[in-house]
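Input: a single structure, listed below in structure tokens.
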Amino acid sequence: MIQTVNLTKEFNGFKAVDNLNLQVEKGDIYGFLGPNGAGKTTTIMMILGLIPPTSGKIFLLGEELRPNNVAIKRRVGVVSENQYLYKEMTAEEYLTFFGELYEVPNVQKRIEELLEAVGLWGDRNKKLGAYSKGMQQKLAFARALLHDPELLILDEPVANLDPTSIKQIRDLIEEENRKGRTVFVSSHILSEVERLCKKVAIINRGRLLAEDTMDNIKRRLTDTVRLEIELSQNAESLSSELSTLPFVKGSTVDGNKLEVHLQTDRDYRLDLSRFLYEKGFLVLAMKTKEMSLEEAFITITQQNISLLAREEGKA
Amino acid sequence: MRAVRVMQTLFKRDFLYSLYSFGYYVALFASFIVSSFILKNFLDSIGEEDILVSAYPLNYPLYITLIIISLYLVIISGVSISREREQGTLEVLFYGPVTPGSFLWGKYLKDLCLGMVALGFTAVYFYFVSLLTNLGFTLGLVKALIMSIFLLSCVVSFGLFVSSFTGRIRSSVLALVAILGAFLAIQLGYNALLGFEKESLSVPMLYVRQTMSYVFRGISWVSPFAYLNRGLDSVVLESPLLYVANIGYAVVYSLVFMFLSVYVMGKKGVKA
């Protein structure tokens, strides 16, 4: 659905996007992550044909993107962080205007469906200047879906929204993806991306640091398995004994709670249980603690920053 | 065909909103007040001297009306793109099927139609004036009104061009004031220098006057208001060839500035 090949954008010699290669497949909910100023919005603006790349190619819906290729743009729906509405219009007038621009058949019926879906039907005759941030965002979703696009591009869709609105928007994205729409979400709110996305790309300073499924990214970054164990009694005395086990890479003890880092070459849980039993401890609960996307993101970006610092040092 | 439909949609929305705007009627009302004042003076002088000195008595009030309508149109067309850039609405339009061409031609049609509606009101106003004063609603006035459509086209395309390279409303207004002010200053300066005898000017001043004459000639092809003067003069001169030529110049001017605007807007992009 989206492919970028060595995409680069320079502003007065500064590389905002640097040889970026992305691949978004049909049906994905694809998370595009990066800290503020990483080059996410610049990349999206290039994908939408709003700014020309300095070099590289963009393929959108199977076709190479050319300036003013409106045939492709008609198959894409976009929601940006800021909604830029015509404040003097009502929601119904606004959607009718965009419906006419996109030549949507049975536009009034479609508007009714979408305003019902986003919960704005009751406010359809209110001027958009009186809409809250959350209402504006929902209306932007309705506008983006109006022409039944194959691809949805969302730039920070839940930034500055309250928790209820965030959940409504998230449900809407998932619902549209179930209907077969491909969704490209750019965000710096990692918890949201983690809940929504099957595949992510992480960029920093315009460079692609990782692009893979969520699980693969976490697996790649994890050199230990972390186990959280609840024991039958206080385990302070165990700390030094655990370090003698060859498969244990580290441990922390807090009362009867134990966190153990194990080697990843095979499953050592049975060995550990046996060891604890022999030492007179009964395991009440044991669970594997997974790396969160936030931890993965921080690890990857920090690795990248150190690498860049070394490169700059050499230069 | 799709681009035409996009243009129509943009035109319809903008035209209806502008037609309901207060400023439009303020400009029209102001133009009628000023031309009424000129007409009154004109009628007073006829009453005092008992002589009608012009074959086109309503053309000068029409010229003044046109100047005021043109000033209104050049400002609203001059801020039309920058306003959407500043508000961010331009970006949202360009996510979809809108291109610089369809957007600008939609704006052009909207502003030109606003000008034509204003000319319609003007024609009705002058018709009633002619009935009340016995000053003829002549063929010359009709020709001047038709010519005015093309002259307003020049004004609108010029305003859109200025708006195409400015990112904010304030910078558009400043650019318009600076450019039109410069045109006016050069014209006044040149006229002032023409008032001196050649022999009374020093050599450097003669060079200045010569240079200004070139600049003035150049400006007379760039300033939309110069087309206004030439166009209405062609009506008074009663030369069909000159009349058609001036319509042709206005069409070429409008096309050139519209294509330039599309090009500049494509380069400048959607951001303020």
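Letters A, B, ... go to the chains of the structure tokens in the order shown; residues in each chain start at 1; ligands are counted from 1 in the same order.
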**Message:** Which residues are near region 176-189 of chain B? Cut-off 12 Å, only C-alpha atoms, ignore same chain within fewer than 5 positions. Put them as a PyMOL selection string.
**Reply:** chain B and resi 71-79+155+158-166+169-171+194-196+205+208-226
Now that the selection is made, can you save its residues with N, CA and C atoms as a compact mmCIF listing (two decimals), in the first residue's frame?
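Listed below is the output, part-v2.txt:
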# COMPACT_ATOMS: atom_id res chain seq x y z
N LEU B 71 -10.54 47.66 -5.95
CA LEU B 71 -9.75 47.64 -4.71
C LEU B 71 -10.27 46.56 -3.76
N TYR B 72 -11.59 46.43 -3.69
CA TYR B 72 -12.17 45.38 -2.85
C TYR B 72 -11.75 43.99 -3.37
N LEU B 73 -11.88 43.82 -4.71
CA LEU B 73 -11.57 42.50 -5.29
C LEU B 73 -10.08 42.16 -5.17
N VAL B 74 -9.23 43.15 -5.35
CA VAL B 74 -7.79 42.86 -5.30
C VAL B 74 -7.41 42.44 -3.86
N ILE B 75 -8.11 43.01 -2.88
CA ILE B 75 -7.80 42.62 -1.49
C ILE B 75 -8.35 41.22 -1.20
N ILE B 76 -9.61 40.95 -1.57
CA ILE B 76 -10.14 39.62 -1.21
C ILE B 76 -9.45 38.50 -2.01
N SER B 77 -9.09 38.79 -3.26
CA SER B 77 -8.36 37.75 -3.99
C SER B 77 -6.91 37.67 -3.48
N GLY B 78 -6.41 38.81 -3.04
CA GLY B 78 -5.03 38.85 -2.53
C GLY B 78 -4.82 38.10 -1.23
N VAL B 79 -5.89 37.92 -0.47
CA VAL B 79 -5.74 37.17 0.79
C VAL B 79 -6.38 35.78 0.73
N VAL B 155 -7.65 42.37 -12.40
CA VAL B 155 -7.48 42.70 -10.98
C VAL B 155 -7.46 41.41 -10.14
N PHE B 158 -4.31 39.27 -10.69
CA PHE B 158 -3.17 39.92 -10.03
C PHE B 158 -3.20 39.65 -8.51
N GLY B 159 -4.40 39.82 -7.92
CA GLY B 159 -4.56 39.56 -6.47
C GLY B 159 -4.21 38.12 -6.13
N LEU B 160 -4.67 37.19 -6.95
CA LEU B 160 -4.38 35.76 -6.69
C LEU B 160 -2.89 35.48 -6.80
N PHE B 161 -2.24 36.17 -7.75
CA PHE B 161 -0.80 35.97 -7.90
C PHE B 161 -0.06 36.40 -6.63
N VAL B 162 -0.43 37.56 -6.11
CA VAL B 162 0.22 38.03 -4.88
C VAL B 162 -0.04 37.03 -3.75
N SER B 163 -1.28 36.54 -3.68
CA SER B 163 -1.62 35.59 -2.61
C SER B 163 -0.90 34.26 -2.76
N SER B 164 -0.54 33.91 -4.00
CA SER B 164 0.08 32.59 -4.22
C SER B 164 1.46 32.50 -3.57
N PHE B 165 2.15 33.64 -3.41
CA PHE B 165 3.49 33.55 -2.82
C PHE B 165 3.56 34.04 -1.39
N THR B 166 2.42 34.37 -0.80
CA THR B 166 2.45 34.82 0.60
C THR B 166 1.78 33.76 1.48
N ILE B 169 -2.17 36.25 5.96
CA ILE B 169 -3.04 37.34 5.50
C ILE B 169 -2.29 38.67 5.58
N ARG B 170 -1.60 38.88 6.72
CA ARG B 170 -0.92 40.15 6.92
C ARG B 170 0.15 40.39 5.84
N SER B 171 0.90 39.32 5.52
CA SER B 171 1.95 39.50 4.52
C SER B 171 1.35 39.76 3.14
N LEU B 194 7.55 64.87 -15.78
CA LEU B 194 7.07 65.30 -17.10
C LEU B 194 6.64 66.76 -17.08
N GLY B 195 6.27 67.22 -15.89
CA GLY B 195 5.81 68.61 -15.73
C GLY B 195 6.94 69.63 -15.93
N PHE B 196 8.19 69.17 -15.87
CA PHE B 196 9.32 70.09 -16.06
C PHE B 196 9.71 70.15 -17.54
N MET B 205 19.05 64.23 -13.91
CA MET B 205 17.59 64.19 -13.81
C MET B 205 16.96 63.73 -15.13
N VAL B 208 17.17 60.12 -15.05
CA VAL B 208 16.14 59.60 -14.14
C VAL B 208 14.80 59.59 -14.85
N ARG B 209 14.49 60.68 -15.54
CA ARG B 209 13.20 60.76 -16.23
C ARG B 209 13.09 59.70 -17.33
N GLN B 210 14.22 59.51 -18.05
CA GLN B 210 14.22 58.50 -19.11
C GLN B 210 14.01 57.10 -18.52
N THR B 211 14.76 56.85 -17.44
CA THR B 211 14.62 55.52 -16.78
C THR B 211 13.18 55.32 -16.29
N MET B 212 12.64 56.37 -15.68
CA MET B 212 11.28 56.25 -15.16
C MET B 212 10.25 56.04 -16.27
N SER B 213 10.54 56.60 -17.42
CA SER B 213 9.60 56.39 -18.53
C SER B 213 9.59 54.92 -18.95
N TYR B 214 10.80 54.29 -18.94
CA TYR B 214 10.85 52.85 -19.26
C TYR B 214 10.10 52.05 -18.19
N VAL B 215 10.40 52.40 -16.92
CA VAL B 215 9.74 51.67 -15.82
C VAL B 215 8.23 51.86 -15.91
N PHE B 216 7.83 53.08 -16.18
CA PHE B 216 6.39 53.38 -16.26
C PHE B 216 5.75 52.57 -17.38
N ARG B 217 6.45 52.49 -18.52
CA ARG B 217 5.91 51.72 -19.64
C ARG B 217 5.77 50.23 -19.25
N GLY B 218 6.79 49.77 -18.53
CA GLY B 218 6.73 48.37 -18.07
C GLY B 218 5.57 48.14 -17.11
N ILE B 219 5.42 49.07 -16.18
CA ILE B 219 4.34 48.94 -15.18
C ILE B 219 2.96 48.99 -15.85
N SER B 220 2.87 49.77 -16.91
CA SER B 220 1.57 49.88 -17.57
C SER B 220 1.12 48.54 -18.15
N TRP B 221 2.04 47.58 -18.26
CA TRP B 221 1.66 46.22 -18.69
C TRP B 221 1.54 45.26 -17.52
N VAL B 222 1.98 45.69 -16.34
CA VAL B 222 1.94 44.80 -15.17
C VAL B 222 0.82 45.18 -14.21
N SER B 223 0.59 46.49 -14.04
CA SER B 223 -0.43 46.93 -13.08
C SER B 223 -1.83 46.70 -13.65
N PRO B 224 -2.71 46.03 -12.89
CA PRO B 224 -4.07 45.80 -13.40
C PRO B 224 -4.84 47.11 -13.54
N PHE B 225 -4.46 48.11 -12.77
CA PHE B 225 -5.19 49.39 -12.83
C PHE B 225 -4.87 50.15 -14.11
N ALA B 226 -3.68 49.89 -14.70
CA ALA B 226 -3.34 50.51 -15.98
C ALA B 226 -4.27 49.97 -17.07
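Residues from chain B that have an atom within 8 Å of chain A, counting only C-alpha atoms, are Arg5, Val6, Thr9, Leu10, Arg13, Gln87, Gly88, Thr89, Glu91, Val92, Phe94, Tyr95, Gly96, Pro97, Val98, Thr99, Gly269 and Val270 of chain B.
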**Item:** Distance query region 207-214 of chain A at most 8 Å, only C-alpha atoms, self and fewer than 3 positions along chain excluded, as a ChimeraX atom specification
**Value:** /A:17-22,194,197-204,217-218,293,300-301,304
Deliver the residues from the most recent selection as a file, using C-alpha atoms, as a PDB file, in the first residue's frame.
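Contents of the output file again36.pdb:
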ATOM      1  CA  VAL A  17      14.416  12.322   6.373  1.00  0.00           C
ATOM      2  CA  ASP A  18      17.414  10.207   5.465  1.00  0.00           C
ATOM      3  CA  ASN A  19      17.194   7.262   3.042  1.00  0.00           C
ATOM      4  CA  LEU A  20      13.963   5.973   4.497  1.00  0.00           C
ATOM      5  CA  ASN A  21      12.676   2.599   3.304  1.00  0.00           C
ATOM      6  CA  LEU A  22       9.189   1.678   4.524  1.00  0.00           C
ATOM      7  CA  GLU A 194       1.239  -0.929  21.110  1.00  0.00           C
ATOM      8  CA  CYS A 197      -0.477  -1.888  15.578  1.00  0.00           C
ATOM      9  CA  LYS A 198       0.669  -5.182  14.144  1.00  0.00           C
ATOM     10  CA  LYS A 199       3.811  -3.770  12.590  1.00  0.00           C
ATOM     11  CA  VAL A 200       5.908  -0.741  13.522  1.00  0.00           C
ATOM     12  CA  ALA A 201       8.707   1.375  12.169  1.00  0.00           C
ATOM     13  CA  ILE A 202      10.831   3.455  14.500  1.00  0.00           C
ATOM     14  CA  ILE A 203      12.626   6.527  13.181  1.00  0.00           C
ATOM     15  CA  ASN A 204      14.898   9.027  14.811  1.00  0.00           C
ATOM     16  CA  ILE A 217      11.272  -5.976  17.548  1.00  0.00           C
ATOM     17  CA  LYS A 218      10.920  -6.854  21.230  1.00  0.00           C
ATOM     18  CA  LEU A 293       7.083  -1.035  23.328  1.00  0.00           C
ATOM     19  CA  ILE A 300      16.470   1.448  20.129  1.00  0.00           C
ATOM     20  CA  THR A 301      16.617   5.245  20.126  1.00  0.00           C
ATOM     21  CA  ASN A 304      20.917   5.033  17.742  1.00  0.00           C
TER      22      ASN A 304
END
**Message:** Neighbouring residues of Gly120 (chain B) were defined as those with any atom within 12 Å, considering only C-alpha atoms; residues of the same chain fewer than 4 positions away were excluded. Please report them as a count of residues only.
**Reply:** 15
**Request:** Mind listing the strand (DSSP E) residues of region 10-204 of chain A, per DSSP on the backbone, as a VMD selection string?
**Result:** chain A and resid 10 to 11 14 to 24 29 to 33 55 to 60 63 to 64 76 to 79 151 to 155 182 to 187 199 to 204
Would you output that residue set with C-alpha atoms, as an mmCIF file, in the first residue's frame?
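Now in result.cif:
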data_model
loop_
_atom_site.group_PDB
_atom_site.id
_atom_site.type_symbol
_atom_site.label_atom_id
_atom_site.label_comp_id
_atom_site.auth_asym_id
_atom_site.auth_seq_id
_atom_site.Cartn_x
_atom_site.Cartn_y
_atom_site.Cartn_z
ATOM 1 C CA GLU A 10 16.732 18.026 3.023
ATOM 2 C CA PHE A 11 15.957 21.507 4.281
ATOM 3 C CA PHE A 14 19.676 19.463 7.109
ATOM 4 C CA LYS A 15 18.412 15.939 6.451
ATOM 5 C CA ALA A 16 14.919 15.751 7.971
ATOM 6 C CA VAL A 17 14.416 12.322 6.373
ATOM 7 C CA ASP A 18 17.414 10.207 5.465
ATOM 8 C CA ASN A 19 17.194 7.262 3.042
ATOM 9 C CA LEU A 20 13.963 5.973 4.497
ATOM 10 C CA ASN A 21 12.676 2.599 3.304
ATOM 11 C CA LEU A 22 9.189 1.678 4.524
ATOM 12 C CA GLN A 23 6.880 -1.107 3.425
ATOM 13 C CA VAL A 24 3.219 -1.075 4.474
ATOM 14 C CA ILE A 29 -2.238 -1.334 11.071
ATOM 15 C CA TYR A 30 1.225 0.106 10.753
ATOM 16 C CA GLY A 31 2.707 2.224 13.523
ATOM 17 C CA PHE A 32 5.164 4.923 12.570
ATOM 18 C CA LEU A 33 7.041 5.914 15.707
ATOM 19 C CA SER A 55 15.535 12.159 -3.595
ATOM 20 C CA GLY A 56 14.012 8.687 -3.502
ATOM 21 C CA LYS A 57 10.694 7.271 -4.602
ATOM 22 C CA ILE A 58 7.246 6.768 -3.107
ATOM 23 C CA PHE A 59 4.833 4.100 -4.251
ATOM 24 C CA LEU A 60 1.278 4.572 -3.064
ATOM 25 C CA GLU A 63 1.688 3.374 -8.282
ATOM 26 C CA GLU A 64 4.642 5.705 -8.161
ATOM 27 C CA VAL A 76 -6.599 7.765 0.615
ATOM 28 C CA GLY A 77 -8.190 9.228 3.757
ATOM 29 C CA VAL A 78 -6.130 11.492 6.015
ATOM 30 C CA VAL A 79 -6.501 12.669 9.595
ATOM 31 C CA LEU A 151 -5.790 3.529 2.984
ATOM 32 C CA LEU A 152 -6.099 5.675 6.095
ATOM 33 C CA ILE A 153 -3.145 7.870 7.051
ATOM 34 C CA LEU A 154 -3.368 9.154 10.618
ATOM 35 C CA ASP A 155 -0.873 11.675 11.958
ATOM 36 C CA THR A 182 -5.040 -0.413 5.737
ATOM 37 C CA VAL A 183 -4.115 2.038 8.470
ATOM 38 C CA PHE A 184 -0.853 3.973 8.779
ATOM 39 C CA VAL A 185 -0.595 5.608 12.213
ATOM 40 C CA SER A 186 2.107 8.061 13.116
ATOM 41 C CA SER A 187 2.353 8.717 16.829
ATOM 42 C CA LYS A 199 3.811 -3.770 12.590
ATOM 43 C CA VAL A 200 5.908 -0.741 13.522
ATOM 44 C CA ALA A 201 8.707 1.375 12.169
ATOM 45 C CA ILE A 202 10.831 3.455 14.500
ATOM 46 C CA ILE A 203 12.626 6.527 13.181
ATOM 47 C CA ASN A 204 14.898 9.027 14.811
#
**Request:** Name the residues of region 199-230 of chain A that come out as alpha helix (DSSP H) in a backbone DSSP run; write them as a list in words.
**Result:** Met214, Asp215, Asn216, Ile217, Lys218, Arg219, Arg220 and Leu221 of chain A
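Between CA of Gly106 (chain B) and CA of Val252 (chain B) the interatomic distance comes to 18.5 Å.
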**Item:** Surrounding residues of Ser130 (chain B) excluding itself and chain neighbours under 2 positions, 12 Å, only C-alpha atoms, as a PyMOL selection string
**Value:** chain B and resi 36+39+43+56-59+123-128+132-138+141
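With only C-alpha atoms as the atoms that count, the residue of A:Thr54, A:Asn177, A:Thr4, A:Ser165 with the shortest distance to Lys133 (chain A) is A:Ser165.
The residue set within 9 Å of Leu276 (chain A), counting only C-alpha atoms and dropping same-chain residues fewer than 6 places from it, reads Leu231, Leu238, Leu282 and Val283 of chain A.
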**Message:** One number please: CA of Leu61 (chain A) to CA of Phe103 (chain B), in Å, one decimal.
**Reply:** 24.8 Å
Which neighbours of region 104-109 of chain A fall inside 9 Å, counting only C-alpha atoms, when residues of the same chain fewer than 6 positions from it are skipped, and could you give them as a PDB file with N, CA, C and O atoms, in the first residue's frame?
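part.pdb was written with the following content:
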ATOM      1  N   GLU A  92     -22.573  19.070   9.088  1.00  0.00           N
ATOM      2  CA  GLU A  92     -23.259  18.541   7.908  1.00  0.00           C
ATOM      3  C   GLU A  92     -22.808  19.279   6.644  1.00  0.00           C
ATOM      4  O   GLU A  92     -22.536  18.646   5.615  1.00  0.00           O
ATOM      5  N   LEU A  95     -19.169  18.153   5.768  1.00  0.00           N
ATOM      6  CA  LEU A  95     -19.066  16.834   5.125  1.00  0.00           C
ATOM      7  C   LEU A  95     -19.718  16.851   3.740  1.00  0.00           C
ATOM      8  O   LEU A  95     -19.245  16.159   2.826  1.00  0.00           O
ATOM      9  N   THR A  96     -20.787  17.642   3.567  1.00  0.00           N
ATOM     10  CA  THR A  96     -21.407  17.733   2.243  1.00  0.00           C
ATOM     11  C   THR A  96     -20.414  18.341   1.251  1.00  0.00           C
ATOM     12  O   THR A  96     -20.279  17.857   0.124  1.00  0.00           O
ATOM     13  N   PHE A  98     -17.096  18.231   1.385  1.00  0.00           N
ATOM     14  CA  PHE A  98     -16.060  17.240   1.033  1.00  0.00           C
ATOM     15  C   PHE A  98     -16.663  16.082   0.225  1.00  0.00           C
ATOM     16  O   PHE A  98     -15.994  15.527  -0.637  1.00  0.00           O
ATOM     17  N   LEU A 146     -15.276   9.362   4.503  1.00  0.00           N
ATOM     18  CA  LEU A 146     -16.434   9.710   3.679  1.00  0.00           C
ATOM     19  C   LEU A 146     -16.410   9.035   2.304  1.00  0.00           C
ATOM     20  O   LEU A 146     -17.421   8.523   1.840  1.00  0.00           O
ATOM     21  N   HIS A 147     -15.262   9.003   1.666  1.00  0.00           N
ATOM     22  CA  HIS A 147     -15.162   8.493   0.294  1.00  0.00           C
ATOM     23  C   HIS A 147     -14.700   7.039   0.268  1.00  0.00           C
ATOM     24  O   HIS A 147     -14.262   6.553  -0.768  1.00  0.00           O
ATOM     25  N   ASP A 148     -14.830   6.364   1.429  1.00  0.00           N
ATOM     26  CA  ASP A 148     -14.528   4.935   1.519  1.00  0.00           C
ATOM     27  C   ASP A 148     -13.104   4.623   1.023  1.00  0.00           C
ATOM     28  O   ASP A 148     -12.914   3.819   0.095  1.00  0.00           O
TER      29      ASP A 148
END
